[in-house]
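Next comes target.pdb, a file with PDB, C-alpha atoms.
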ATOM      1  CA  MET T 743     -41.201  17.958 -26.218  1.00  0.00           C
ATOM      2  CA  SER T 744     -44.792  18.438 -25.201  1.00  0.00           C
ATOM      3  CA  LEU T 745     -46.394  16.673 -22.311  1.00  0.00           C
ATOM      4  CA  LEU T 746     -48.692  14.782 -24.699  1.00  0.00           C
ATOM      5  CA  ASN T 747     -45.723  13.469 -26.700  1.00  0.00           C
ATOM      6  CA  THR T 748     -44.042  12.302 -23.513  1.00  0.00           C
ATOM      7  CA  TYR T 749     -47.250  10.547 -22.451  1.00  0.00           C
ATOM      8  CA  VAL T 750     -47.618   8.756 -25.805  1.00  0.00           C
ATOM      9  CA  GLU T 751     -43.949   7.702 -25.758  1.00  0.00           C
ATOM     10  CA  LYS T 752     -44.213   6.331 -22.216  1.00  0.00           C
ATOM     11  CA  GLU T 753     -47.416   4.497 -23.142  1.00  0.00           C
ATOM     12  CA  GLN T 754     -45.644   2.828 -26.079  1.00  0.00           C
ATOM     13  CA  GLN T 755     -42.725   1.842 -23.844  1.00  0.00           C
ATOM     14  CA  LEU T 756     -45.159   0.396 -21.314  1.00  0.00           C
ATOM     15  CA  LYS T 757     -46.880  -1.629 -24.027  1.00  0.00           C
ATOM     16  CA  GLN T 758     -43.536  -2.945 -25.289  1.00  0.00           C
ATOM     17  CA  LEU T 759     -42.421  -3.883 -21.762  1.00  0.00           C
ATOM     18  CA  GLN T 760     -45.742  -5.619 -21.120  1.00  0.00           C
ATOM     19  CA  GLU T 761     -45.276  -7.703 -24.278  1.00  0.00           C
ATOM     20  CA  GLU T 762     -41.753  -8.676 -23.211  1.00  0.00           C
ATOM     21  CA  LEU T 763     -43.038  -9.609 -19.758  1.00  0.00           C
ATOM     22  CA  ASP T 764     -45.767 -11.787 -21.270  1.00  0.00           C
ATOM     23  CA  LYS T 765     -43.182 -13.572 -23.437  1.00  0.00           C
ATOM     24  CA  LEU T 766     -41.041 -14.257 -20.363  1.00  0.00           C
ATOM     25  CA  LYS T 767     -44.032 -15.580 -18.409  1.00  0.00           C
ATOM     26  CA  ASN T 768     -44.732 -18.109 -21.173  1.00  0.00           C
ATOM     27  CA  ASP T 769     -41.089 -19.174 -21.615  1.00  0.00           C
ATOM     28  CA  ASP T 770     -40.460 -22.741 -20.379  1.00  0.00           C
ATOM     29  CA  ARG T 771     -36.920 -21.878 -19.285  1.00  0.00           C
ATOM     30  CA  MET T 772     -38.228 -19.044 -17.137  1.00  0.00           C
ATOM     31  CA  LYS T 773     -40.856 -21.329 -15.622  1.00  0.00           C
ATOM     32  CA  ALA T 774     -38.146 -23.886 -14.772  1.00  0.00           C
ATOM     33  CA  GLU T 775     -35.936 -21.227 -13.168  1.00  0.00           C
ATOM     34  CA  LEU T 776     -38.821 -19.838 -11.120  1.00  0.00           C
ATOM     35  CA  ASP T 777     -39.732 -23.366 -10.026  1.00  0.00           C
ATOM     36  CA  PHE T 778     -36.126 -24.008  -8.965  1.00  0.00           C
ATOM     37  CA  LYS T 779     -35.983 -20.697  -7.082  1.00  0.00           C
ATOM     38  CA  ASN T 780     -39.222 -21.467  -5.250  1.00  0.00           C
ATOM     39  CA  HIS T 781     -38.037 -24.965  -4.285  1.00  0.00           C
ATOM     40  CA  LEU T 782     -34.690 -23.603  -3.097  1.00  0.00           C
ATOM     41  CA  GLU T 783     -36.340 -20.910  -0.995  1.00  0.00           C
ATOM     42  CA  ALA T 784     -38.669 -23.519   0.528  1.00  0.00           C
ATOM     43  CA  LEU T 785     -35.676 -25.702   1.440  1.00  0.00           C
ATOM     44  CA  MET T 786     -33.868 -22.726   2.943  1.00  0.00           C
ATOM     45  CA  ARG T 787     -36.908 -21.935   5.115  1.00  0.00           C
ATOM     46  CA  GLU T 788     -37.325 -25.600   6.082  1.00  0.00           C
ATOM     47  CA  PHE T 789     -33.713 -25.847   7.306  1.00  0.00           C
ATOM     48  CA  ASP T 790     -33.518 -22.247   8.546  1.00  0.00           C
ATOM     49  CA  LYS T 791     -30.638 -21.299   6.240  1.00  0.00           C
ATOM     50  CA  SER T 792     -29.812 -17.986   4.579  1.00  0.00           C
ATOM     51  CA  ALA T 793     -28.488 -17.432   1.062  1.00  0.00           C
ATOM     52  CA  ALA T 794     -25.043 -16.775   2.535  1.00  0.00           C
ATOM     53  CA  ASP T 795     -25.200 -20.138   4.345  1.00  0.00           C
ATOM     54  CA  VAL T 796     -25.999 -21.931   1.088  1.00  0.00           C
ATOM     55  CA  ILE T 797     -23.226 -20.124  -0.788  1.00  0.00           C
ATOM     56  CA  SER T 798     -20.631 -20.928   1.865  1.00  0.00           C
ATOM     57  CA  LEU T 799     -21.808 -24.550   1.922  1.00  0.00           C
ATOM     58  CA  LEU T 800     -21.448 -24.896  -1.843  1.00  0.00           C
ATOM     59  CA  ASN T 801     -18.165 -22.962  -2.081  1.00  0.00           C
ATOM     60  CA  PRO T 802     -15.550 -25.415  -3.475  1.00  0.00           C
ATOM     61  CA  THR T 803     -12.601 -23.686  -1.761  1.00  0.00           C
ATOM     62  CA  PRO T 804     -12.945 -23.284   1.992  1.00  0.00           C
ATOM     63  CA  THR T 805     -11.880 -19.942   3.427  1.00  0.00           C
ATOM     64  CA  ALA T 806      -9.322 -21.649   5.700  1.00  0.00           C
ATOM     65  CA  ASN T 807      -7.192 -22.567   2.679  1.00  0.00           C
ATOM     66  CA  LYS T 808      -7.176 -19.045   1.262  1.00  0.00           C
ATOM     67  CA  THR T 809      -4.559 -17.789   3.735  1.00  0.00           C
ATOM     68  CA  SER T 810      -2.036 -20.577   3.413  1.00  0.00           C
ATOM     69  CA  ASN T 811       1.495 -19.990   4.721  1.00  0.00           C
ATOM     70  CA  SER T 812       3.037 -21.579   1.631  1.00  0.00           C
ATOM     71  CA  THR T 813       1.750 -18.877  -0.723  1.00  0.00           C
ATOM     72  CA  LYS T 814       2.679 -15.227  -1.014  1.00  0.00           C
ATOM     73  CA  SER T 815       0.124 -12.466  -1.266  1.00  0.00           C
ATOM     74  CA  THR T 816       0.278 -12.803  -5.055  1.00  0.00           C
ATOM     75  CA  GLY T 817      -0.852 -16.413  -4.761  1.00  0.00           C
ATOM     76  CA  ARG T 818       2.378 -17.830  -6.091  1.00  0.00           C
ATOM     77  CA  ALA T 819       4.073 -20.623  -4.151  1.00  0.00           C
ATOM     78  CA  LYS T 820       7.528 -19.966  -2.744  1.00  0.00           C
ATOM     79  CA  ARG T 821      10.272 -21.550  -4.837  1.00  0.00           C
ATOM     80  CA  LYS T 822      12.440 -24.277  -3.396  1.00  0.00           C
ATOM     81  CA  LEU T 823      15.977 -23.442  -2.363  1.00  0.00           C
ATOM     82  CA  LYS T 824      18.516 -25.219  -4.581  1.00  0.00           C
ATOM     83  CA  ILE T 825      22.084 -25.663  -3.432  1.00  0.00           C
ATOM     84  CA  TYR T 826      24.807 -26.249  -6.040  1.00  0.00           C
ATOM     85  CA  LYS T 827      28.465 -27.065  -5.393  1.00  0.00           C
ATOM     86  CA  ASN T 828      31.098 -26.608  -8.079  1.00  0.00           C
ATOM     87  CA  PRO T 829      33.372 -29.694  -7.854  1.00  0.00           C
ATOM     88  CA  ASN T 830      36.244 -27.815  -9.517  1.00  0.00           C
ATOM     89  CA  THR T 831      36.417 -24.911  -7.063  1.00  0.00           C
ATOM     90  CA  GLY T 832      34.316 -26.129  -4.114  1.00  0.00           C
ATOM     91  CA  GLU T 833      32.232 -22.943  -4.364  1.00  0.00           C
ATOM     92  CA  VAL T 834      28.625 -23.276  -3.148  1.00  0.00           C
ATOM     93  CA  VAL T 835      25.657 -21.353  -4.574  1.00  0.00           C
ATOM     94  CA  GLU T 836      22.212 -21.219  -2.919  1.00  0.00           C
ATOM     95  CA  THR T 837      19.384 -19.884  -5.081  1.00  0.00           C
ATOM     96  CA  ARG T 838      15.597 -19.965  -5.436  1.00  0.00           C
ATOM     97  CA  GLY T 839      15.689 -19.114  -9.133  1.00  0.00           C
ATOM     98  CA  GLY T 840      17.808 -19.663 -12.212  1.00  0.00           C
ATOM     99  CA  ASN T 841      18.793 -16.021 -12.602  1.00  0.00           C
ATOM    100  CA  GLN T 842      21.637 -16.094 -10.066  1.00  0.00           C
ATOM    101  CA  LYS T 843      24.849 -14.474 -11.404  1.00  0.00           C
ATOM    102  CA  THR T 844      27.361 -17.208 -10.496  1.00  0.00           C
ATOM    103  CA  LEU T 845      24.989 -19.996 -11.561  1.00  0.00           C
ATOM    104  CA  LYS T 846      24.493 -18.341 -14.940  1.00  0.00           C
ATOM    105  CA  ALA T 847      28.235 -17.994 -15.403  1.00  0.00           C
ATOM    106  CA  TRP T 848      28.735 -21.688 -14.583  1.00  0.00           C
ATOM    107  CA  LYS T 849      26.025 -22.674 -17.068  1.00  0.00           C
ATOM    108  CA  GLU T 850      27.705 -20.613 -19.801  1.00  0.00           C
ATOM    109  CA  GLU T 851      31.098 -22.133 -19.055  1.00  0.00           C
ATOM    110  CA  PHE T 852      30.190 -25.769 -18.354  1.00  0.00           C
ATOM    111  CA  GLY T 853      26.689 -26.174 -19.838  1.00  0.00           C
ATOM    112  CA  ALA T 854      23.316 -26.306 -18.125  1.00  0.00           C
ATOM    113  CA  ASP T 855      23.195 -30.116 -17.888  1.00  0.00           C
ATOM    114  CA  THR T 856      26.601 -30.296 -16.203  1.00  0.00           C
ATOM    115  CA  VAL T 857      25.711 -27.562 -13.705  1.00  0.00           C
ATOM    116  CA  GLU T 858      22.394 -29.279 -12.900  1.00  0.00           C
ATOM    117  CA  SER T 859      24.381 -32.413 -12.047  1.00  0.00           C
ATOM    118  CA  TRP T 860      26.132 -30.349  -9.354  1.00  0.00           C
ATOM    119  CA  LEU T 861      22.848 -29.950  -7.465  1.00  0.00           C
ATOM    120  CA  VAL T 862      23.610 -31.015  -3.895  1.00  0.00           C
ATOM    121  CA  ARG T 863      20.131 -30.727  -2.354  1.00  0.00           C
ATOM    122  CA  THR T 864      16.790 -28.961  -2.501  1.00  0.00           C
ATOM    123  CA  GLU T 865      15.030 -27.402   0.493  1.00  0.00           C
ATOM    124  CA  ASP T 866      11.607 -25.813   0.975  1.00  0.00           C
TER     125      ASP T 866
END

Output the structure of this file as structure tokens.
Amino acid sequence: MSLLNTYVEKEQQLKQLQEELDKLKNDDRMKAELDFKNHLEALMREFDKSAADVISLLNPTPTANKTSNSTKSTGRAKRKLKIYKNPNTGEVVETRGGNQKTLKAWKEEFGADTVESWLVRTED
């Protein structure tokens, strides 16, 4: 491509960009956003605050709650410990989930509702 062709192409791109810029300058939404930005910056200067200060002030979840002891690194809460006691055999099962081998066998043999009635207590 010749240097003249490159110049003409760049000139056309500049003209197109200038038209887009003019449209944005006349857009009421853009004017409102610029007005908001200017007011916000004036408030920040007035109260000597940075953008990071404003963001941390408006953050709905404080950083202190992000590292809670009750949640694992995946963000999922630890399940409660359930303790079941089979009244027929006196056997005790402690589990945090329903996929425990003995508990599943009891549920197959006696039914889930019956086994749930054997729940002795729940702990955190």

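Minimum atom-to-atom distance to T:Thr831, evaluated using all atoms listed in the file, belongs to T:Trp860 out of T:Glu850, T:Trp860, T:Ile797, T:Thr748.
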
Identify, on the basis of only C-alpha atoms, every residue whose closest approach to T:Val857 does not exceed 12 Å; exclude the query and any residue fewer than 3 positions from it along the same chain; express the result as a list in words.
-> Lys824, Ile825, Tyr826, Lys827, Asn828, Pro829, Asn830, Val834, Val835, Gly840, Thr844, Leu845, Lys846, Ala847, Trp848, Lys849, Glu850, Glu851, Phe852, Gly853, Ala854, Trp860, Leu861 and Val862 of chain T

Produce a file of the selected residues containing C-alpha atoms, as a PDB file, in the frame of the given file.
ATOM      1  CA  LYS T 824      18.516 -25.219  -4.581  1.00  0.00           C
ATOM      2  CA  ILE T 825      22.084 -25.663  -3.432  1.00  0.00           C
ATOM      3  CA  TYR T 826      24.807 -26.249  -6.040  1.00  0.00           C
ATOM      4  CA  LYS T 827      28.465 -27.065  -5.393  1.00  0.00           C
ATOM      5  CA  ASN T 828      31.098 -26.608  -8.079  1.00  0.00           C
ATOM      6  CA  PRO T 829      33.372 -29.694  -7.854  1.00  0.00           C
ATOM      7  CA  ASN T 830      36.244 -27.815  -9.517  1.00  0.00           C
ATOM      8  CA  VAL T 834      28.625 -23.276  -3.148  1.00  0.00           C
ATOM      9  CA  VAL T 835      25.657 -21.353  -4.574  1.00  0.00           C
ATOM     10  CA  GLY T 840      17.808 -19.663 -12.212  1.00  0.00           C
ATOM     11  CA  THR T 844      27.361 -17.208 -10.496  1.00  0.00           C
ATOM     12  CA  LEU T 845      24.989 -19.996 -11.561  1.00  0.00           C
ATOM     13  CA  LYS T 846      24.493 -18.341 -14.940  1.00  0.00           C
ATOM     14  CA  ALA T 847      28.235 -17.994 -15.403  1.00  0.00           C
ATOM     15  CA  TRP T 848      28.735 -21.688 -14.583  1.00  0.00           C
ATOM     16  CA  LYS T 849      26.025 -22.674 -17.068  1.00  0.00           C
ATOM     17  CA  GLU T 850      27.705 -20.613 -19.801  1.00  0.00           C
ATOM     18  CA  GLU T 851      31.098 -22.133 -19.055  1.00  0.00           C
ATOM     19  CA  PHE T 852      30.190 -25.769 -18.354  1.00  0.00           C
ATOM     20  CA  GLY T 853      26.689 -26.174 -19.838  1.00  0.00           C
ATOM     21  CA  ALA T 854      23.316 -26.306 -18.125  1.00  0.00           C
ATOM     22  CA  TRP T 860      26.132 -30.349  -9.354  1.00  0.00           C
ATOM     23  CA  LEU T 861      22.848 -29.950  -7.465  1.00  0.00           C
ATOM     24  CA  VAL T 862      23.610 -31.015  -3.895  1.00  0.00           C
TER      25      VAL T 862
END

If the PyMOL selection byres ((chain T and resi 837) around 6) is run on the structure shown, which residues does it catch, given as a ChimeraX atom specification?
-> /T:823-824,836,838-839

Contacts of T:Lys822 within 8 Å, only C-alpha atoms, excl. fewer than 3 positions in-chain, as a ChimeraX atom specification = /T:838,864-866

Near-T:Lys767 list (10 Å; all atoms listed in the file; drop same-chain fewer than 6 positions) as a PyMOL selection string | chain T and resi 761+773+776

What gap, in Å, lies between atom CA of T:Ser792 and atom CA of T:Asp770?
-> 27.5 Å

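What separates atom CA of T:Arg771 from atom CA of T:Lys757 is a distance of 23.1 Å.
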
Do you have the atom CA of T:Gln754-atom CA of T:Met772 distance handy?
-> 24.8 Å

Extract stretch 768-793 of chain T from the coordinates I pasted, and write it as an mmCIF file, in the first residue's frame (atoms kept: N, CA and C atoms).
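Written output follows (selection16.cif):
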data_model
loop_
_atom_site.group_PDB
_atom_site.id
_atom_site.type_symbol
_atom_site.label_atom_id
_atom_site.label_comp_id
_atom_site.auth_asym_id
_atom_site.auth_seq_id
_atom_site.Cartn_x
_atom_site.Cartn_y
_atom_site.Cartn_z
ATOM 1 N N ASN T 768 -23.013 15.411 22.188
ATOM 2 C CA ASN T 768 -24.378 15.917 22.160
ATOM 3 C C ASN T 768 -25.383 14.962 22.801
ATOM 4 N N ASP T 769 -24.938 13.812 23.233
ATOM 5 C CA ASP T 769 -25.830 12.812 23.847
ATOM 6 C C ASP T 769 -26.146 13.226 25.285
ATOM 7 N N ASP T 770 -27.450 13.263 25.621
ATOM 8 C CA ASP T 770 -27.873 13.675 26.965
ATOM 9 C C ASP T 770 -27.383 12.702 28.036
ATOM 10 N N ARG T 771 -27.343 11.420 27.713
ATOM 11 C CA ARG T 771 -26.860 10.437 28.686
ATOM 12 C C ARG T 771 -25.393 10.677 29.016
ATOM 13 N N MET T 772 -24.622 10.998 27.993
ATOM 14 C CA MET T 772 -23.197 11.273 28.201
ATOM 15 C C MET T 772 -23.028 12.524 29.039
ATOM 16 N N LYS T 773 -23.839 13.545 28.765
ATOM 17 C CA LYS T 773 -23.760 14.779 29.544
ATOM 18 C C LYS T 773 -24.082 14.492 31.012
ATOM 19 N N ALA T 774 -25.085 13.660 31.263
ATOM 20 C CA ALA T 774 -25.465 13.323 32.639
ATOM 21 C C ALA T 774 -24.343 12.556 33.341
ATOM 22 N N GLU T 775 -23.714 11.623 32.630
ATOM 23 C CA GLU T 775 -22.616 10.859 33.226
ATOM 24 C C GLU T 775 -21.412 11.749 33.514
ATOM 25 N N LEU T 776 -21.094 12.653 32.621
ATOM 26 C CA LEU T 776 -19.981 13.571 32.844
ATOM 27 C C LEU T 776 -20.278 14.497 34.026
ATOM 28 N N ASP T 777 -21.524 14.945 34.118
ATOM 29 C CA ASP T 777 -21.935 15.796 35.233
ATOM 30 C C ASP T 777 -21.791 15.044 36.559
ATOM 31 N N PHE T 778 -22.240 13.791 36.581
ATOM 32 C CA PHE T 778 -22.112 12.965 37.782
ATOM 33 C C PHE T 778 -20.640 12.788 38.156
ATOM 34 N N LYS T 779 -19.824 12.464 37.171
ATOM 35 C CA LYS T 779 -18.387 12.256 37.408
ATOM 36 C C LYS T 779 -17.752 13.516 37.986
ATOM 37 N N ASN T 780 -18.095 14.668 37.426
ATOM 38 C CA ASN T 780 -17.521 15.921 37.913
ATOM 39 C C ASN T 780 -17.965 16.217 39.347
ATOM 40 N N HIS T 781 -19.241 15.984 39.647
ATOM 41 C CA HIS T 781 -19.734 16.187 41.012
ATOM 42 C C HIS T 781 -19.048 15.234 41.995
ATOM 43 N N LEU T 782 -18.899 13.977 41.586
ATOM 44 C CA LEU T 782 -18.259 12.990 42.451
ATOM 45 C C LEU T 782 -16.806 13.362 42.731
ATOM 46 N N GLU T 783 -16.098 13.762 41.691
ATOM 47 C CA GLU T 783 -14.701 14.172 41.875
ATOM 48 C C GLU T 783 -14.593 15.399 42.778
ATOM 49 N N ALA T 784 -15.549 16.327 42.657
ATOM 50 C CA ALA T 784 -15.538 17.510 43.520
ATOM 51 C C ALA T 784 -15.773 17.106 44.983
ATOM 52 N N LEU T 785 -16.688 16.191 45.209
ATOM 53 C CA LEU T 785 -16.942 15.692 46.566
ATOM 54 C C LEU T 785 -15.714 14.986 47.126
ATOM 55 N N MET T 786 -15.068 14.185 46.301
ATOM 56 C CA MET T 786 -13.873 13.470 46.748
ATOM 57 C C MET T 786 -12.777 14.460 47.150
ATOM 58 N N ARG T 787 -12.606 15.520 46.379
ATOM 59 C CA ARG T 787 -11.607 16.544 46.724
ATOM 60 C C ARG T 787 -12.009 17.273 48.002
ATOM 61 N N GLU T 788 -13.303 17.594 48.122
ATOM 62 C CA GLU T 788 -13.793 18.328 49.289
ATOM 63 C C GLU T 788 -13.533 17.558 50.584
ATOM 64 N N PHE T 789 -13.732 16.227 50.546
ATOM 65 C CA PHE T 789 -13.565 15.408 51.743
ATOM 66 C C PHE T 789 -12.231 14.666 51.763
ATOM 67 N N ASP T 790 -11.355 14.988 50.835
ATOM 68 C CA ASP T 790 -10.024 14.399 50.756
ATOM 69 C C ASP T 790 -10.078 12.869 50.732
ATOM 70 N N LYS T 791 -10.857 12.330 49.812
ATOM 71 C CA LYS T 791 -11.013 10.887 49.662
ATOM 72 C C LYS T 791 -10.549 10.459 48.278
ATOM 73 N N SER T 792 -10.005 9.224 48.221
ATOM 74 C CA SER T 792 -9.574 8.667 46.939
ATOM 75 C C SER T 792 -10.681 7.769 46.385
ATOM 76 N N ALA T 793 -10.505 7.311 45.162
ATOM 77 C CA ALA T 793 -11.478 6.400 44.558
ATOM 78 C C ALA T 793 -11.549 5.096 45.343
#
